[in-house]
Structures are given as C-alpha cells and as structure tokens.
file model_38.pdb (PDB, C-alpha atoms, pLDDT in the B column)
ATOM      1  CA  MET A  27     -68.397  75.215 -21.966  1.00 58.00           C
ATOM      2  CA  LYS A  28     -71.108  77.715 -22.880  1.00 66.00           C
ATOM      3  CA  LYS A  29     -74.499  77.691 -21.152  1.00 68.00           C
ATOM      4  CA  ASP A  30     -76.302  76.456 -24.306  1.00 77.00           C
ATOM      5  CA  GLU A  31     -73.784  73.608 -24.669  1.00 76.00           C
ATOM      6  CA  LYS A  32     -74.282  72.620 -21.011  1.00 70.00           C
ATOM      7  CA  ASP A  33     -78.067  72.640 -21.419  1.00 74.00           C
ATOM      8  CA  GLU A  34     -77.843  70.520 -24.576  1.00 77.00           C
ATOM      9  CA  LEU A  35     -75.457  68.029 -22.958  1.00 73.00           C
ATOM     10  CA  ALA A  36     -77.627  67.811 -19.821  1.00 71.00           C
ATOM     11  CA  GLU A  37     -80.664  67.100 -22.000  1.00 74.00           C
ATOM     12  CA  GLN A  38     -78.791  64.396 -23.970  1.00 76.00           C
ATOM     13  CA  LEU A  39     -77.689  62.760 -20.713  1.00 71.00           C
ATOM     14  CA  GLY A  40     -81.176  62.950 -19.237  1.00 70.00           C
ATOM     15  CA  ILE A  41     -80.181  65.060 -16.254  1.00 67.00           C
ATOM     16  CA  GLY A  42     -81.838  68.277 -15.162  1.00 64.00           C
ATOM     17  CA  GLY A  43     -80.089  71.627 -14.995  1.00 60.00           C
ATOM     18  CA  THR A  44     -76.584  72.522 -15.981  1.00 60.00           C
ATOM     19  CA  ASP A  45     -74.676  71.503 -12.866  1.00 73.00           C
ATOM     20  CA  VAL A  46     -71.214  70.716 -14.236  1.00 76.00           C
ATOM     21  CA  ASN A  47     -70.580  68.153 -11.470  1.00 79.00           C
ATOM     22  CA  ALA A  48     -73.735  66.247 -12.388  1.00 77.00           C
ATOM     23  CA  ILE A  49     -72.703  66.274 -16.043  1.00 79.00           C
ATOM     24  CA  ARG A  50     -69.181  65.060 -15.164  1.00 82.00           C
ATOM     25  CA  GLN A  51     -70.520  62.296 -12.949  1.00 85.00           C
ATOM     26  CA  ALA A  52     -72.999  61.152 -15.632  1.00 86.00           C
ATOM     27  CA  VAL A  53     -70.312  61.081 -18.336  1.00 88.00           C
ATOM     28  CA  VAL A  54     -67.772  59.217 -16.177  1.00 92.00           C
ATOM     29  CA  THR A  55     -70.433  56.748 -14.985  1.00 92.00           C
ATOM     30  CA  GLN A  56     -71.482  56.060 -18.583  1.00 93.00           C
ATOM     31  CA  THR A  57     -67.848  55.607 -19.622  1.00 94.00           C
ATOM     32  CA  PHE A  58     -67.441  52.889 -16.975  1.00 97.00           C
ATOM     33  CA  LYS A  59     -70.780  51.266 -17.931  1.00 96.00           C
ATOM     34  CA  ASP A  60     -69.677  51.136 -21.565  1.00 96.00           C
ATOM     35  CA  SER A  61     -66.419  49.482 -20.467  1.00 96.00           C
ATOM     36  CA  ILE A  62     -67.733  46.612 -18.325  1.00 97.00           C
ATOM     37  CA  GLY A  63     -65.435  43.635 -18.891  1.00 97.00           C
ATOM     38  CA  GLU A  64     -62.428  45.820 -19.773  1.00 97.00           C
ATOM     39  CA  ARG A  65     -59.230  46.268 -17.769  1.00 97.00           C
ATOM     40  CA  VAL A  66     -58.839  49.551 -15.923  1.00 98.00           C
ATOM     41  CA  PHE A  67     -56.043  51.414 -14.131  1.00 97.00           C
ATOM     42  CA  LEU A  68     -57.280  53.536 -11.206  1.00 96.00           C
ATOM     43  CA  LEU A  69     -55.604  55.975  -8.854  1.00 95.00           C
ATOM     44  CA  ILE A  70     -57.828  56.738  -5.883  1.00 93.00           C
ATOM     45  CA  GLY A  71     -57.285  59.864  -3.807  1.00 83.00           C
ATOM     46  CA  PRO A  72     -57.983  58.842  -0.211  1.00 71.00           C
ATOM     47  CA  TYR A  73     -54.874  56.676   0.257  1.00 73.00           C
ATOM     48  CA  PRO A  74     -53.434  57.286  -2.536  1.00 73.00           C
ATOM     49  CA  PHE A  75     -54.221  53.874  -3.839  1.00 92.00           C
ATOM     50  CA  LEU A  76     -53.601  52.032  -7.119  1.00 94.00           C
ATOM     51  CA  ILE A  77     -55.859  49.344  -8.572  1.00 95.00           C
ATOM     52  CA  ILE A  78     -55.506  47.489 -11.873  1.00 96.00           C
ATOM     53  CA  GLY A  79     -58.323  45.104 -12.663  1.00 96.00           C
ATOM     54  CA  ILE A  80     -61.480  44.286 -14.593  1.00 97.00           C
ATOM     55  CA  ILE A  81     -64.595  46.472 -14.488  1.00 98.00           C
ATOM     56  CA  VAL A  82     -67.297  44.072 -13.274  1.00 98.00           C
ATOM     57  CA  ASP A  83     -70.290  46.390 -12.839  1.00 97.00           C
ATOM     58  CA  VAL A  84     -71.457  49.948 -12.266  1.00 97.00           C
ATOM     59  CA  LEU A  85     -73.988  50.440  -9.475  1.00 95.00           C
ATOM     60  CA  SER A  86     -75.322  53.993  -9.372  1.00 90.00           C
ATOM     61  CA  ASP A  87     -72.140  56.058  -8.843  1.00 90.00           C
ATOM     62  CA  TYR A  88     -69.953  53.123  -7.767  1.00 96.00           C
ATOM     63  CA  VAL A  89     -67.647  51.109 -10.018  1.00 97.00           C
ATOM     64  CA  VAL A  90     -67.110  47.459  -9.089  1.00 98.00           C
ATOM     65  CA  VAL A  91     -63.594  46.297  -9.988  1.00 98.00           C
ATOM     66  CA  GLU A  92     -62.117  42.823  -9.623  1.00 97.00           C
ATOM     67  CA  ALA A  93     -58.546  43.743  -8.733  1.00 95.00           C
ATOM     68  CA  GLU A  94     -55.605  41.982 -10.304  1.00 94.00           C
ATOM     69  CA  ILE A  95     -52.988  44.239  -8.761  1.00 93.00           C
ATOM     70  CA  THR A  96     -53.012  46.862  -6.003  1.00 92.00           C
ATOM     71  CA  ASN A  97     -50.226  48.680  -4.218  1.00 89.00           C
ATOM     72  CA  VAL A  98     -51.001  46.500  -1.153  1.00 89.00           C
ATOM     73  CA  SER A  99     -50.324  42.915  -2.268  1.00 88.00           C
ATOM     74  CA  GLU A 100     -52.647  41.479   0.401  1.00 92.00           C
ATOM     75  CA  LEU A 101     -55.560  43.120  -1.433  1.00 92.00           C
ATOM     76  CA  ASP A 102     -54.699  41.693  -4.867  1.00 92.00           C
ATOM     77  CA  ASP A 103     -57.504  39.567  -6.327  1.00 93.00           C
ATOM     78  CA  GLU A 104     -60.175  41.245  -4.161  1.00 96.00           C
ATOM     79  CA  GLU A 105     -63.342  42.954  -5.408  1.00 97.00           C
ATOM     80  CA  PHE A 106     -63.652  46.702  -4.778  1.00 96.00           C
ATOM     81  CA  ARG A 107     -66.649  49.028  -4.913  1.00 96.00           C
ATOM     82  CA  ILE A 108     -65.201  52.457  -5.659  1.00 95.00           C
ATOM     83  CA  HIS A 109     -67.152  55.702  -5.508  1.00 93.00           C
ATOM     84  CA  ILE A 110     -66.631  57.583  -8.757  1.00 93.00           C
ATOM     85  CA  ASP A 111     -65.889  60.832  -6.899  1.00 90.00           C
ATOM     86  CA  SER A 112     -62.874  59.222  -5.186  1.00 92.00           C
ATOM     87  CA  ILE A 113     -61.210  58.340  -8.508  1.00 93.00           C
ATOM     88  CA  GLU A 114     -58.445  60.816  -9.280  1.00 93.00           C
ATOM     89  CA  VAL A 115     -57.116  59.199 -12.479  1.00 94.00           C
ATOM     90  CA  PHE A 116     -58.313  56.325 -14.646  1.00 96.00           C
ATOM     91  CA  TYR A 117     -57.301  54.660 -17.878  1.00 97.00           C
ATOM     92  CA  ILE A 118     -59.423  52.021 -19.572  1.00 97.00           C
ATOM     93  CA  GLU A 119     -57.401  49.634 -21.685  1.00 95.00           C
ATOM     94  CA  GLU A 120     -57.737  50.091 -25.444  1.00 91.00           C
ATOM     95  CA  GLU A 121     -56.822  47.782 -28.287  1.00 91.00           C
ATOM     96  CA  GLY A 122     -53.131  48.186 -29.000  1.00 91.00           C
ATOM     97  CA  LYS A 123     -52.597  50.209 -25.792  1.00 93.00           C
ATOM     98  CA  PRO A 124     -52.590  47.651 -22.971  1.00 92.00           C
ATOM     99  CA  ILE A 125     -52.055  48.333 -19.298  1.00 92.00           C
ATOM    100  CA  PRO A 126     -48.689  46.718 -18.502  1.00 86.00           C
ATOM    101  CA  ASP A 127     -48.341  43.976 -15.916  1.00 81.00           C
ATOM    102  CA  ILE A 128     -46.297  45.821 -13.312  1.00 81.00           C
ATOM    103  CA  ARG A 129     -45.591  42.591 -11.395  1.00 75.00           C
ATOM    104  CA  ASP A 130     -43.290  41.346 -14.169  1.00 65.00           C
ATOM    105  CA  VAL A 131     -40.984  44.371 -14.253  1.00 60.00           C
ATOM    106  CA  ASN A 132     -37.349  43.415 -13.706  1.00 59.00           C
ATOM    107  CA  LEU A 133     -35.854  45.987 -11.374  1.00 50.00           C
TER     108      LEU A 133
END
call {"tool": "encode", "arguments": {"input": "model_38.pdb", "output": "structure tokens"}}
result
Amino acid sequence: MKKDEKDELAEQLGIGGTDVNAIRQAVVTQTFKDSIGERVFLLIGPYPFLIIGIIVDVLSDYVVVEAEITNVSELDDEEFRIHIDSIEVFYIEEEGKPIPDIRDVNL
C-alpha cells in the first residue's frame, strides 16, 4: 500500500498517522461490529483454540462471542471476550456459505 493510500485510509477510518497495525485493527474491529448477530469461526493463537459462535458485541478491541462449539467441550455454550490481536484466522458466515456444524460429522 502506497503512503498516499495509507493516509487516505487512515483519514477515512478516523485514525491518525499511517501505522499499518492501527489501520488493520480498525478495519478488523469494524468488520466484527458490522457482523454483530452473525455466526463466526475463530482460530486463536495462544492455545491454539477454535471457537464457533455468535458475535454478541465489540468492546474497544475485544470481540464478545457466545460460543456454540469449542475444541474443549466443557467450554461450549460459554461467552468469550477475545482480543482482536489474538485472532489468527476468522470467517464470518455469509448467505449461502454457512459454517458447518462439526458436531454432526459422522466419522
């Protein structure tokens, strides 16, 4: 991304400077805000950890997710507050491209 493009994007997002990390965080945060109420698939780096659930809220740079499924069954149906920087991969469900229910897979 060229310097002029960074400056323009930073201005559109209402953030100062052209710090690429600030731009990334603002864009990802806005993506989650725009998707409140949608299902999301998250892979989080620290464990690694998997969460599939509903985006409930976005508080600053934290995403609140009501988990349906995790890779630790005892944590299914819990609410998680996840720092955006700890999210390695995410997919927000789209019409016609649902997140599958991995509990119903016949192995």
call {"tool": "resolve_selection", "arguments": {"input": "model_38.pdb", "expression": "the PyMOL selection byres ((chain A and resi 75) around 10)", "output": "list in words"}}
result
Leu68, Leu69, Ile70, Gly71, Pro72, Tyr73, Pro74, Leu76, Ile77, Thr96, Asn97, Val98, Ile113 and Glu114 of chain A
call {"tool": "atom_distance", "arguments": {"input": "model_38.pdb", "atom1": "CA of Ser112 (chain A)", "atom2": "CA of Asp45 (chain A)"}}
result
18.7 Å
call {"tool": "closest_residue", "arguments": {"input": "model_38.pdb", "among": "A:Ile118, A:Asp87, A:Arg107, A:Gly40", "to": "Gly63 (chain A)", "atoms": "only C-alpha atoms"}}
result
A:Ile118
call {"tool": "closest_residue", "arguments": {"input": "model_38.pdb", "among": "A:Asp127, A:Asp60, A:Glu121, A:Glu104", "to": "Asp83 (chain A)", "atoms": "all atoms listed in the file"}}
result
A:Asp60
call {"tool": "atom_distance", "arguments": {"input": "model_38.pdb", "atom1": "CA of Pro126 (chain A)", "atom2": "CA of Val90 (chain A)"}}
result
20.7 Å
call {"tool": "closest_residue", "arguments": {"input": "model_38.pdb", "among": "A:Glu92, A:Lys32, A:Glu119, A:Ile78", "to": "Asn47 (chain A)", "atoms": "all atoms listed in the file"}}
result
A:Lys32
call {"tool": "atom_distance", "arguments": {"input": "model_38.pdb", "atom1": "CA of Val66 (chain A)", "atom2": "CA of Ile80 (chain A)"}}
result
6.0 Å
call {"tool": "resolve_selection", "arguments": {"input": "model_38.pdb", "expression": "the PyMOL selection byres ((chain A and resi 48) around 12)", "output": "short mmCIF file (atom, residue, chain, number, x, y, z; two decimals) with C-alpha atoms, in the frame of the given file"}}
result
data_model
loop_
_atom_site.label_atom_id
_atom_site.label_comp_id
_atom_site.auth_asym_id
_atom_site.auth_seq_id
_atom_site.Cartn_x
_atom_site.Cartn_y
_atom_site.Cartn_z
CA LYS A 32 -74.28 72.62 -21.01
CA ASP A 33 -78.07 72.64 -21.42
CA LEU A 35 -75.46 68.03 -22.96
CA ALA A 36 -77.63 67.81 -19.82
CA GLU A 37 -80.66 67.10 -22.00
CA LEU A 39 -77.69 62.76 -20.71
CA GLY A 40 -81.18 62.95 -19.24
CA ILE A 41 -80.18 65.06 -16.25
CA GLY A 42 -81.84 68.28 -15.16
CA GLY A 43 -80.09 71.63 -15.00
CA THR A 44 -76.58 72.52 -15.98
CA ASP A 45 -74.68 71.50 -12.87
CA VAL A 46 -71.21 70.72 -14.24
CA ASN A 47 -70.58 68.15 -11.47
CA ILE A 49 -72.70 66.27 -16.04
CA ARG A 50 -69.18 65.06 -15.16
CA GLN A 51 -70.52 62.30 -12.95
CA ALA A 52 -73.00 61.15 -15.63
CA VAL A 53 -70.31 61.08 -18.34
CA VAL A 54 -67.77 59.22 -16.18
CA THR A 55 -70.43 56.75 -14.98
CA ASP A 87 -72.14 56.06 -8.84
CA ILE A 110 -66.63 57.58 -8.76
CA ASP A 111 -65.89 60.83 -6.90
#
call {"tool": "residues_near_point", "arguments": {"input": "model_38.pdb", "point": "(-72.1, 50.9, -16.5)", "cutoff": "8 Å", "atoms": "all atoms listed in the file", "output": "VMD selection string"}}
result
chain A and resid 55 to 62 83 to 85 89
call {"tool": "closest_residue", "arguments": {"input": "model_38.pdb", "among": "A:Glu120, A:Ile125, A:His109, A:Glu100", "to": "Ser86 (chain A)", "atoms": "only C-alpha atoms"}}
result
A:His109
